[in-house]
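Here is the structure we will look at, set down as structure tokens.
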Amino acid sequence: MYRWGMVIDLDKCTGCQACVVACRQENNIPFVGEKQAKLGRAKFWMNLVSEVKGTYPNVEMHFLPMPCMHCDHPPCTKVCPVAATYLNPEGIVAQVYPRCIGVRMCISNCPYTVRYFNWHAPSWPEEYKRGLNPDVYRRRKGITEKCNFCIQRIRRAKEKAKKEKRRIRDGEVIPACVETCPSEALYFGDLNDPKSRVSKLSKSRRAFRLLEDLATEPKVFYLREGDWQDGQ
Amino acid sequence: MDSETIARKYHPIIDPLTRAGWRFWITVIPLAIIFFWSLIAFGWQYDRGLGVTGMGHPVSWAFYLVNFVFFIGISHAGALVSAVLRITHARWGTPFGRIGEAVTVFALAAGPTNILFDLGRSSRFHWVALHAQFKSPLLWDFTCIMTYLVTSIIFLYVLLIPDIGFLRDRFPRRRWFYRPLSLDWSGAEKEWATLGKVIGFLCIAVIPIAVSVHTVVSWVFGMQTQPMWHSTIFAPYFVTGAIFSGIATIIIVSVIFRRVYHLEKYLTPYHFNNMSLLLLTFALLWAYFTFVEHLVVGYGGGTHELVVLWKKLTGEYAPHFWAMVVLCFVIPFPILVFKRTIKGSLIASISIVIGMWLERFTIIIPSFTEPRLPYARGAYTPSWVEWSMMAGLFAGFTLAFVLFSKFFPVISLWETEKEESKRT
């Protein structure tokens with residue numbers, strides 16, 4: 001059995017937001033416009049959080065790419081009254097869109113606030129529509145959605161591996177954000193395979209996870225930034 | 001006693017059933033307009049999506065949940081208070097009984113409706129029963145509320161049966177309506193015995209059910225990881241607050257009926273004095289719980305909790321929070337201690353009902369605005385849709401009462417008669 005996980009090297013992240021764009025393209029995430037975004041209706045399955053420290057000329061910028069943490073003990077799944085979200089056997093916190101009735105209790109119980117709701121029916125500019133991903137469900141209004149580690153890619157890779165009677169090789173399947181990252185700050189793979197890249201990196205001394213004290217056991221690991229040096 | 005004598009003796013209670021003057025119409029028509037307006041607002045929301053509300057990320061639950069908890073709270077009064085007073089043979093509770101039971105039923109109709117408004121796909125509401133996931137506090141909620149709704153409707157109805165039997169004989173023109181409801185009540189000895197048994201059973205059954213309802217409502221919040229919600233005293237705190245606001249509502253409704261239908265003979269200052277004492281007890285309990293809840297967080301709470309706490313005490317939500325303290329305790333407390341007149345208890349009750357609405361608001365909203373991770377931030381301003389729905393709920397609640405009082409006596413005839421005959 002696979003156990004999918006992600007490692008994000010904060011030292012390598014340049015804050016370019018390519019992951020955010022790639023995720024939006026891959027997963028048919030509609031734009032909501034500036035007005036709606038101000039009301040908190042923007043959707044970022046992969047969100048880039050930034051922090052600015054100090055003032056010019058001594059400015060430090062820190063970035064934190066935030067996908068769903070895919071907790072091993074997800075607080076969001078157990079509160080859903082209709083079982084529209086669950087932890088799948090491979091460790092992905094999945095959302096069953098047709099089942100979701102839009103209670104939004106999962107949103108409020110997610111300590112990482114990485115679940116998003118469809119406040120309106122989705123819409124795309126006409127010229128954009130041809131670029132929509134046919135493999136991904138277009139969520140209607142009134143349901144919750146979230147990052148699923150590009151489950152459609154994993155499914156395809158599994159089918160291929162099954163045909164060839166083998167396991168998925170390390171690095172064979174990666175989500176859109178990982179694929180696109182120009183500075184290669186993101187890694188994806190099977191945490192059950194001790195030889196995989198993510199397994200090794202997740203045991204790094206720099207590795208940490210968000211809000212570890214909540215015992216949610218996230219499968220997204222971050223690698224701490226190195227110290228900033230003067231004049232750099 | 002025959003029906004003619006009873007009718008003459010209790011004419012203030014029976015008269016309003018047949019009378020519908022201009023006052024009735026100027027109350028009913030605006031209320032009906034507001035109620036229908038809220039249906040239009042709901043239609044608009046259903047068509048456009050929940051985006052027409054003021055909710056967003058991270059404040060993803062707001063007014064609807066506040067109103068949900070508020071109305072469920074009010075619903076506690078009735079059945080619980082009248083059941084407890086019946087079991088303890090507190091005679092002074094008799095004239096409040098019917099009003100209390102009706103408050104329960106109508107508030108229970110209004111409360112869960114908010115969940116329907118709040119759903120992204122309201123038309124799939126029944127999936128909660130169809131695809132039940134037993135670990136979800138919302139499912140527990142659904143179960144308890146439905147049980148309570150059914151029980152309290154039965155409770156209200158069973159206690160109405162002898163009165164319906166009387167009305168059936170009294171108003172032949174409404175026979176088509178009262179006859180099926182009366183279950184051919186004839187007032188025979190055997191029927192009274194059965195009624196007594198059923199009431200005794202219902203009184204006992206309704207108490208744990210009522211307590212379970214608000215316990216579970218509190219767990220919708222208390223079971224979550226949100227700062228300031230994850231508290232062990234939430235269940236008793238919510239139950240206390242619920243009974244508190246419920247008693248206040250009974251007092252308000254009783255004062256209005258007393259005034260409009262001239263029931264001064266049955267609802268006397270003595271009754272209101274006792275009810276106010278009960279209210280005072282709950283005011284003290286509420287203040288105690290509020291103090292404990294906030295002190296514990298303030299003393300030992302972690303960073304995430306403290307951010308929310310200070311936002312409530314001194315920050316953006318301080319006006320709401322302190323208004324709540326003033327309305328729930330500072331104003332009503334001295335009134336209930338020193339001046340338990342009808343006017344005094346009315347002022348205290350209105351103050352408490354508004355204060356308890358604010359309590360629900362300050363429990364739900366501030367936690368949402370300050371999630372654990374410091375990036376998703378947002379404020380919340382309700383939209384016209386949410387205000388319309390809220391107005392519609394209150395209008396519907398009031399309307400239900402007005403119409404109820406035109407078909408059924410708001411003070412139980414047979415229980416009042418029983419009291420009278422015992423006294424003489």
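So you can find residues: chains in the structure tokens are A, B, ... in the order shown, residues in each start at 1, and ligands are numbered from 1 in order.
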
Residues of chain A that have any atom at most 8 Å from an atom of chain B: could you tabulate them with the shortest-distance atom pair and the distance in Å to one decimal, using only C-alpha atoms, ordered by chain and increasing number, as JSON lines?
```
{"residue": "A:Leu39", "atom": "CA", "partner": "B:Gly56", "partner_atom": "CA", "distance": 5.9}
{"residue": "A:Gly40", "atom": "CA", "partner": "B:His57", "partner_atom": "CA", "distance": 4.5}
{"residue": "A:Arg41", "atom": "CA", "partner": "B:Gly56", "partner_atom": "CA", "distance": 5.4}
{"residue": "A:Val49", "atom": "CA", "partner": "B:Tyr375", "partner_atom": "CA", "distance": 6.8}
{"residue": "A:Pro75", "atom": "CA", "partner": "B:Thr225", "partner_atom": "CA", "distance": 7.7}
{"residue": "A:Lys78", "atom": "CA", "partner": "B:Lys135", "partner_atom": "CA", "distance": 5.6}
{"residue": "A:Val79", "atom": "CA", "partner": "B:Ser136", "partner_atom": "CA", "distance": 4.1}
{"residue": "A:Cys80", "atom": "CA", "partner": "B:Ser136", "partner_atom": "CA", "distance": 5.6}
{"residue": "A:Pro81", "atom": "CA", "partner": "B:Ser136", "partner_atom": "CA", "distance": 5.0}
{"residue": "A:Val82", "atom": "CA", "partner": "B:His131", "partner_atom": "CA", "distance": 5.0}
{"residue": "A:Ala83", "atom": "CA", "partner": "B:Gln133", "partner_atom": "CA", "distance": 5.5}
{"residue": "A:Ile101", "atom": "CA", "partner": "B:Arg121", "partner_atom": "CA", "distance": 5.0}
{"residue": "A:Gly102", "atom": "CA", "partner": "B:Gly120", "partner_atom": "CA", "distance": 4.0}
{"residue": "A:Val103", "atom": "CA", "partner": "B:Leu119", "partner_atom": "CA", "distance": 5.1}
{"residue": "A:Arg104", "atom": "CA", "partner": "B:Ser60", "partner_atom": "CA", "distance": 7.0}
{"residue": "A:Ile107", "atom": "CA", "partner": "B:Ser60", "partner_atom": "CA", "distance": 7.3}
{"residue": "A:Ser108", "atom": "CA", "partner": "B:Ser60", "partner_atom": "CA", "distance": 6.8}
{"residue": "A:Asn109", "atom": "CA", "partner": "B:Gln224", "partner_atom": "CA", "distance": 5.4}
{"residue": "A:Cys110", "atom": "CA", "partner": "B:Thr225", "partner_atom": "CA", "distance": 7.6}
{"residue": "A:Pro111", "atom": "CA", "partner": "B:Arg372", "partner_atom": "CA", "distance": 6.1}
{"residue": "A:Tyr112", "atom": "CA", "partner": "B:Leu373", "partner_atom": "CA", "distance": 6.2}
{"residue": "A:Thr113", "atom": "CA", "partner": "B:Ala376", "partner_atom": "CA", "distance": 7.0}
{"residue": "A:Tyr116", "atom": "CA", "partner": "B:His57", "partner_atom": "CA", "distance": 7.5}
{"residue": "A:Trp119", "atom": "CA", "partner": "B:Gly51", "partner_atom": "CA", "distance": 4.3}
{"residue": "A:His120", "atom": "CA", "partner": "B:Gly49", "partner_atom": "CA", "distance": 4.9}
{"residue": "A:Ala121", "atom": "CA", "partner": "B:Gly49", "partner_atom": "CA", "distance": 6.9}
{"residue": "A:Lys141", "atom": "CA", "partner": "B:Gly49", "partner_atom": "CA", "distance": 6.1}
{"residue": "A:Gly142", "atom": "CA", "partner": "B:Gly120", "partner_atom": "CA", "distance": 3.6}
{"residue": "A:Ile143", "atom": "CA", "partner": "B:Gly120", "partner_atom": "CA", "distance": 5.8}
```

Write the selection just made, keeping N, CA and C atoms, as a CSV table (one decimal), in the first residue's frame?
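What ended up in selection09.csv:
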```csv
chain,number,residue,atom,x,y,z
A,39,LEU,N,-14.0,39.2,-0.2
A,39,LEU,CA,-14.9,38.6,0.7
A,39,LEU,C,-14.5,37.2,1.2
A,40,GLY,N,-13.3,36.8,0.8
A,40,GLY,CA,-12.8,35.5,1.2
A,40,GLY,C,-13.4,34.3,0.5
A,41,ARG,N,-13.7,34.5,-0.8
A,41,ARG,CA,-14.2,33.4,-1.6
A,41,ARG,C,-13.2,32.9,-2.6
A,49,VAL,N,1.6,31.4,1.2
A,49,VAL,CA,1.5,32.3,2.3
A,49,VAL,C,2.9,33.0,2.4
A,75,PRO,N,-9.1,16.0,11.3
A,75,PRO,CA,-10.2,16.4,12.1
A,75,PRO,C,-11.4,16.7,11.2
A,78,LYS,N,-14.1,13.4,10.3
A,78,LYS,CA,-15.0,12.8,11.2
A,78,LYS,C,-16.3,13.6,11.5
A,79,VAL,N,-16.2,14.9,11.2
A,79,VAL,CA,-17.4,15.7,11.5
A,79,VAL,C,-18.4,15.8,10.3
A,80,CYS,N,-18.0,15.2,9.2
A,80,CYS,CA,-19.0,15.3,8.1
A,80,CYS,C,-20.2,14.4,8.3
A,81,PRO,N,-21.4,15.0,8.3
A,81,PRO,CA,-22.6,14.2,8.7
A,81,PRO,C,-23.0,13.2,7.6
A,82,VAL,N,-22.5,13.4,6.3
A,82,VAL,CA,-22.9,12.5,5.3
A,82,VAL,C,-21.7,11.7,4.7
A,83,ALA,N,-20.6,11.7,5.4
A,83,ALA,CA,-19.4,10.9,4.9
A,83,ALA,C,-19.0,11.3,3.5
A,101,ILE,N,-23.1,18.0,0.8
A,101,ILE,CA,-24.3,18.8,0.8
A,101,ILE,C,-24.0,20.2,1.3
A,102,GLY,N,-22.7,20.5,1.6
A,102,GLY,CA,-22.4,21.9,1.9
A,102,GLY,C,-22.6,22.3,3.3
A,103,VAL,N,-22.4,21.4,4.3
A,103,VAL,CA,-22.6,21.8,5.7
A,103,VAL,C,-21.5,22.7,6.2
A,104,ARG,N,-20.3,22.5,5.6
A,104,ARG,CA,-19.1,23.3,5.9
A,104,ARG,C,-18.5,23.1,7.3
A,107,ILE,N,-14.9,22.5,7.0
A,107,ILE,CA,-14.1,23.7,6.8
A,107,ILE,C,-13.8,24.3,8.2
A,108,SER,N,-14.8,24.4,9.0
A,108,SER,CA,-14.5,25.0,10.3
A,108,SER,C,-13.7,24.2,11.2
A,109,ASN,N,-13.6,22.8,11.0
A,109,ASN,CA,-12.8,22.0,11.9
A,109,ASN,C,-11.4,21.8,11.3
A,110,CYS,N,-11.1,22.3,10.2
A,110,CYS,CA,-9.7,22.2,9.7
A,110,CYS,C,-8.8,23.2,10.3
A,111,PRO,N,-7.9,22.8,11.1
A,111,PRO,CA,-7.0,23.8,11.8
A,111,PRO,C,-6.1,24.5,10.9
A,112,TYR,N,-5.9,23.9,9.7
A,112,TYR,CA,-5.0,24.6,8.7
A,112,TYR,C,-5.7,25.5,7.7
A,113,THR,N,-7.1,25.5,7.9
A,113,THR,CA,-7.9,26.3,7.0
A,113,THR,C,-7.6,26.1,5.5
A,116,TYR,N,-12.0,24.7,0.9
A,116,TYR,CA,-12.6,25.8,0.3
A,116,TYR,C,-14.0,25.5,-0.1
A,119,TRP,N,-18.9,29.2,-3.1
A,119,TRP,CA,-20.0,30.1,-2.7
A,119,TRP,C,-20.9,30.4,-3.9
A,120,HIS,N,-20.3,30.3,-5.1
A,120,HIS,CA,-21.1,30.6,-6.3
A,120,HIS,C,-20.9,29.4,-7.3
A,121,ALA,N,-21.7,29.4,-8.4
A,121,ALA,CA,-21.4,28.4,-9.4
A,121,ALA,C,-20.1,28.8,-10.1
A,141,LYS,N,-21.9,24.7,-7.4
A,141,LYS,CA,-22.0,25.6,-6.3
A,141,LYS,C,-22.5,24.9,-5.1
A,142,GLY,N,-22.1,25.3,-3.9
A,142,GLY,CA,-22.7,24.7,-2.7
A,142,GLY,C,-22.0,23.5,-2.2
A,143,ILE,N,-20.8,23.2,-2.7
A,143,ILE,CA,-20.1,22.1,-2.1
A,143,ILE,C,-18.6,22.5,-1.8
```

List as number ranges by chain the protein and nucleic acid residues near B:Val410, meaning an atom at most 8 Å away when only C-alpha atoms are counted, but skip any in the same chain fewer than 5 places from it. B: 13, 98-99, 405

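Using only C-alpha atoms, the contacts of A:Asn148 at a cut-off of 7 Å, with sequence neighbours closer than 2 positions omitted, comprise A:Ile92, A:Val93, A:Ala94, A:Lys146, A:Cys150, A:Ile151.
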
Atoms kept (C-alpha atoms) for selection, written as a tab-separated table (two decimals), in the first residue's frame:
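Result file is again-v4.tsv:
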```
chain	number	residue	atom	x	y	z
A	92	ILE	CA	-5.20	11.07	0.93
A	93	VAL	CA	-8.01	13.08	2.50
A	94	ALA	CA	-10.49	12.82	-0.33
A	146	LYS	CA	-9.82	20.75	-1.43
A	150	CYS	CA	-3.79	15.41	-7.91
A	151	ILE	CA	-5.51	12.10	-7.31
```

Between B:Trp229, B:Phe282, B:Tyr148, B:Trp357, which one has atoms that come closest to B:Ile207, using only C-alpha atoms?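 Going through B:Trp229, B:Phe282, B:Tyr148, B:Trp357 one by one, the smallest distance to B:Ile207 is for B:Tyr148.
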
B:Val81 surroundings by only C-alpha atoms, 9 Å radius, close-in-sequence under 2 positions cut, as a list in words: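 Selected residues are His76, Ala77, Gly78, Ala79, Ala83, Val84, Leu85, Arg86, Gly93, Gly97, Gly100, Glu101, Ile207, Ile243, Gly246 and Ile247 of chain B.
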
Write out as a VMD selection string each polymer residue whose atoms come within 7 Å of B:Phe35, counting only C-alpha atoms; drop sequence neighbours fewer than 5 positions from it. chain B and resid 392 395 to 396

Calculate how many Å separate atom CA of B:Leu327 from atom CA of B:Ala287, rounding to one decimal. 11.3 Å

Can you list, as a PDB file with C-alpha atoms, in the first residue's frame, every protein, DNA or RNA residue that comes within 10 Å of A:Val178 when you count only C-alpha atoms, leaving out same-chain residues fewer than 3 positions away?
```pdb
ATOM      1  CA  MET A   6       4.923  15.735   0.243  1.00  0.00           C
ATOM      2  CA  VAL A   7       8.081  17.511   1.315  1.00  0.00           C
ATOM      3  CA  ILE A   8       8.474  21.238   0.811  1.00  0.00           C
ATOM      4  CA  ALA A  18       4.123  28.766 -10.132  1.00  0.00           C
ATOM      5  CA  CYS A  19       2.714  25.950  -7.969  1.00  0.00           C
ATOM      6  CA  ALA A  22      -0.219  25.001 -12.003  1.00  0.00           C
ATOM      7  CA  CYS A  23      -2.652  23.718  -9.386  1.00  0.00           C
ATOM      8  CA  PHE A 149      -2.582  15.519  -4.271  1.00  0.00           C
ATOM      9  CA  VAL A 173       3.753  10.329 -10.322  1.00  0.00           C
ATOM     10  CA  ILE A 174       3.847  13.884  -9.064  1.00  0.00           C
ATOM     11  CA  PRO A 175       1.140  16.507  -8.569  1.00  0.00           C
ATOM     12  CA  CYS A 181       8.213  24.136  -9.285  1.00  0.00           C
ATOM     13  CA  PRO A 182      11.153  25.886 -11.020  1.00  0.00           C
ATOM     14  CA  SER A 183      13.440  25.695  -8.030  1.00  0.00           C
ATOM     15  CA  GLU A 184      12.495  22.079  -7.317  1.00  0.00           C
ATOM     16  CA  ALA A 185      11.494  22.882  -3.785  1.00  0.00           C
ATOM     17  CA  LEU A 186       8.637  20.380  -3.730  1.00  0.00           C
ATOM     18  CA  TYR A 187       8.940  16.594  -3.528  1.00  0.00           C
ATOM     19  CA  PHE A 188       6.231  13.990  -3.713  1.00  0.00           C
TER      20      PHE A 188
END
```

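Shell of B:Ile256 at 12 Å, with only C-alpha atoms counted and residues fewer than 6 places along the chain excluded, is Ile99, Thr249, Ile250, His262, Leu263, Glu264, Leu267, Ile342, Lys343, Leu346, Ile350, Thr398, Phe401, Val402, Ser405 and Val410 of chain B.
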
To one decimal place, how far is atom CA of A:Ala176 from atom CA of A:Phe221 in Å?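 One can read the atom CA of A:Ala176 to atom CA of A:Phe221 distance as 17.5 Å.
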